[in-house]
Amino acid sequence: MGCCRSFCGILVLLLALLIGWLQVACPQPHPTGLIFATVFTIMGYNKPMTEPVPKNLEAAKKHEGERTLTLASGAKMPAIGIGMCCRPTAYHQESVYNTILWYLLQGGRHIDTAEIYGNHVAIGQALKEAAKRGVPREEVFLVTKVWPEDFGYDSTVHAVERMLQDLGVDYIDVVLMHAPRKLAPLLVWHMYMEGSVDEFYNHGCKNHVACRRNTWKAMSELKDQGKIRDLGVSNFQIDQMKELQALKLAPISVHQFQYHPWLPEFQQKVVEFCHANKIAITAYNSLGGFKDKDKALVIEGLKAVGKKHSRSTGQVLLRWALEKNVSVIPGTGNPKHIKENLGVYDFSLSPEEVKQVDELSSDPIAEDFIFFKL
């Protein structure tokens, strides 16, 4: 028993030190973000981070084959971005800086992040350095997100002002509502213990529907002020998007959600709704789901298509999304992989090859993927 107490005490102390260090190394306004940072920092222990960018590396021009999606404002969103979430190098501030600089100097122009990822400051620093090397802010398409804990009119305004300051920019190209509902386990516990029917019970807006509406109102006004160019959502369902459309405020320009050939039927309906309403789609997890996604990369049908073009199966999946008029934000801190992802602009799939990938949707691998429906 004494050994257990000593061991547990040491474990608690080490965890407290790690969390304390993360609060300095990866500043977080939200407890959930600190959990993300802790998990991915542990996952990255003793693994290589993103290498520094040579001081004499000059900026490449925007990729000649760059495809774009036109948004409600008329803005052009590059179809291949870089996602700054959910891997160790996205929570290691020096790696974040190096990743963004590598991406921009190699011709990429679409950055996807969120306040909960805790990397806004490092991204802002990389934007400034890239500008010095020949990539002006006006060429960079910057996307970030408001976490549900900040839903509500006043808290959304404060969140966006905070994000502008941390990123060191005058405007943000797209701001998304990160999810329609709160995800924090402790909030679910409070709801159960206190008998509340809604996780926003302790907000001024009182319930999730009113809080989403108030957030959209605030974001629409910030758009009118020029601080945001376009608005969007992430992980929303059709009825939740219709709630916002009914407000007759700023249009929904972008919807970001998990997208690849193995979508369930309810998510396919979301795709159809977005296309019908001229809402651009950005795919995350475009190589597969949250679980066992590497299995998708060894499917023979994908390998066969890739072989025809001398491309990897991952590049085939990214190009398939582009052929569906969907933008992608593959995440990596490896300069070589960044270049390979941008190389997806350099080839195309025939209609027959697109259909061949479509038909993979019936593959049993789909059973390994997890989808959120909030």
# chains A, B, ... in the order shown; residues from 1 in each chain; ligands from 1
>>> select_by_dssp(residues="stretch 52-177 of chain A", states="alpha helix (DSSP H)", output="JSON, numbers by chain")
{"A": [93, 94, 95, 96, 97, 98, 99, 100, 101, 102, 103, 104, 105, 120, 121, 122, 123, 124, 125, 126, 127, 128, 129, 130, 131, 132, 153, 154, 155, 156, 157, 158, 159, 160, 161, 162, 163, 164, 165, 166, 167]}
>>> residues_around(residues="stretch 175-183 of chain A", least_positions_apart="3", cutoff="10 Å", atoms="only C-alpha atoms", output="PyMOL selection string")
chain A and resi 32+112-116+142-151+156+160+172+186-188+198-200+207-209+211-212+215-216+219+223+227-237+240-241+252-257+373-374
>>> closest_residue(among="A:Asn202, A:Gln258, A:Thr89, A:Ser310", to="A:Phe347", atoms="only C-alpha atoms")
A:Ser310
>>> residues_around(residues="A:Glu58", least_positions_apart="3", cutoff="8 Å", atoms="only C-alpha atoms", output="PDB file with N, CA and C atoms, in the first residue's frame")
ATOM      1  N   LEU A 105       6.386  28.507 -47.838  1.00  0.00           N
ATOM      2  CA  LEU A 105       7.530  28.705 -48.737  1.00  0.00           C
ATOM      3  C   LEU A 105       7.557  27.686 -49.880  1.00  0.00           C
ATOM      4  N   ARG A 133       9.777  36.886 -46.350  1.00  0.00           N
ATOM      5  CA  ARG A 133      10.443  36.089 -47.395  1.00  0.00           C
ATOM      6  C   ARG A 133       9.664  36.078 -48.710  1.00  0.00           C
ATOM      7  N   GLY A 134       8.593  36.871 -48.788  1.00  0.00           N
ATOM      8  CA  GLY A 134       7.909  37.000 -50.068  1.00  0.00           C
ATOM      9  C   GLY A 134       6.520  36.409 -50.171  1.00  0.00           C
TER      10      GLY A 134
END
>>> residues_around(residues="A:Thr282", least_positions_apart="3", cutoff="12 Å", atoms="only C-alpha atoms", output="PyMOL selection string")
chain A and resi 68-69+71+77-83+110-112+143+174+176+232-235+253-260+271+274-275+279+285-286+318+321-322+324-330
>>> closest_residue(among="A:Ile338, A:Leu349, A:Val39, A:Leu34", to="A:Lys308", atoms="only C-alpha atoms")
A:Leu349
>>> closest_residue(among="A:Glu323, A:Asp346, A:Asp294, A:Asp154", to="A:His63", atoms="only C-alpha atoms")
A:Asp346
>>> residues_around(residues="A:Cys86", least_positions_apart="3", cutoff="10 Å", atoms="only C-alpha atoms", output="ChimeraX atom specification")
/A:36-37,39-40,83,89-91,117,331-332
>>> atom_distance(atom1="atom CA of A:Arg162", atom2="atom CA of A:Ile123")
14.1 Å
>>> select_by_dssp(residues="stretch 99-321 of chain A", states="strand (DSSP E)", output="PyMOL selection string")
chain A and resi 110-112+141-146+172-177+228-234+252-258+280-284
>>> write_last_selection(atoms="C-alpha atoms", output="tab-separated table (two decimals), in the first residue's frame")
chain	number	residue	atom	x	y	z
A	110	HIS	CA	-4.45	27.58	-46.98
A	111	ILE	CA	-3.94	27.18	-43.20
A	112	ASP	CA	-6.56	25.49	-41.02
A	141	PHE	CA	-6.14	31.86	-46.70
A	142	LEU	CA	-6.49	31.56	-42.92
A	143	VAL	CA	-9.22	29.49	-41.23
A	144	THR	CA	-9.84	29.13	-37.51
A	145	LYS	CA	-12.71	28.14	-35.24
A	146	VAL	CA	-14.75	29.21	-32.21
A	172	ILE	CA	-9.45	36.14	-40.68
A	173	ASP	CA	-10.58	34.64	-43.98
A	174	VAL	CA	-13.00	32.12	-42.45
A	175	VAL	CA	-14.17	31.57	-38.89
A	176	LEU	CA	-16.08	28.35	-38.23
A	177	MET	CA	-18.26	27.27	-35.32
A	228	ILE	CA	-13.98	38.08	-40.76
A	229	ARG	CA	-14.39	37.56	-44.51
A	230	ASP	CA	-16.60	34.42	-44.51
A	231	LEU	CA	-18.41	32.33	-41.89
A	232	GLY	CA	-18.85	28.61	-41.61
A	233	VAL	CA	-19.55	25.59	-39.42
A	234	SER	CA	-17.91	22.29	-38.60
A	252	ILE	CA	-22.86	29.71	-44.40
A	253	SER	CA	-19.83	29.73	-46.72
A	254	VAL	CA	-17.97	26.61	-45.56
A	255	HIS	CA	-18.75	23.37	-43.76
A	256	GLN	CA	-15.84	21.29	-42.46
A	257	PHE	CA	-16.39	17.65	-41.53
A	258	GLN	CA	-14.97	14.17	-41.96
A	280	ALA	CA	-18.08	24.78	-49.81
A	281	ILE	CA	-16.92	21.58	-48.11
A	282	THR	CA	-13.58	21.12	-46.39
A	283	ALA	CA	-12.63	17.54	-45.52
A	284	TYR	CA	-10.74	16.46	-42.45
>>> residues_around(residues="A:Lys248", least_positions_apart="3", cutoff="12 Å", atoms="only C-alpha atoms", output="ChimeraX atom specification")
/A:213,216-217,220,241-245,251-252
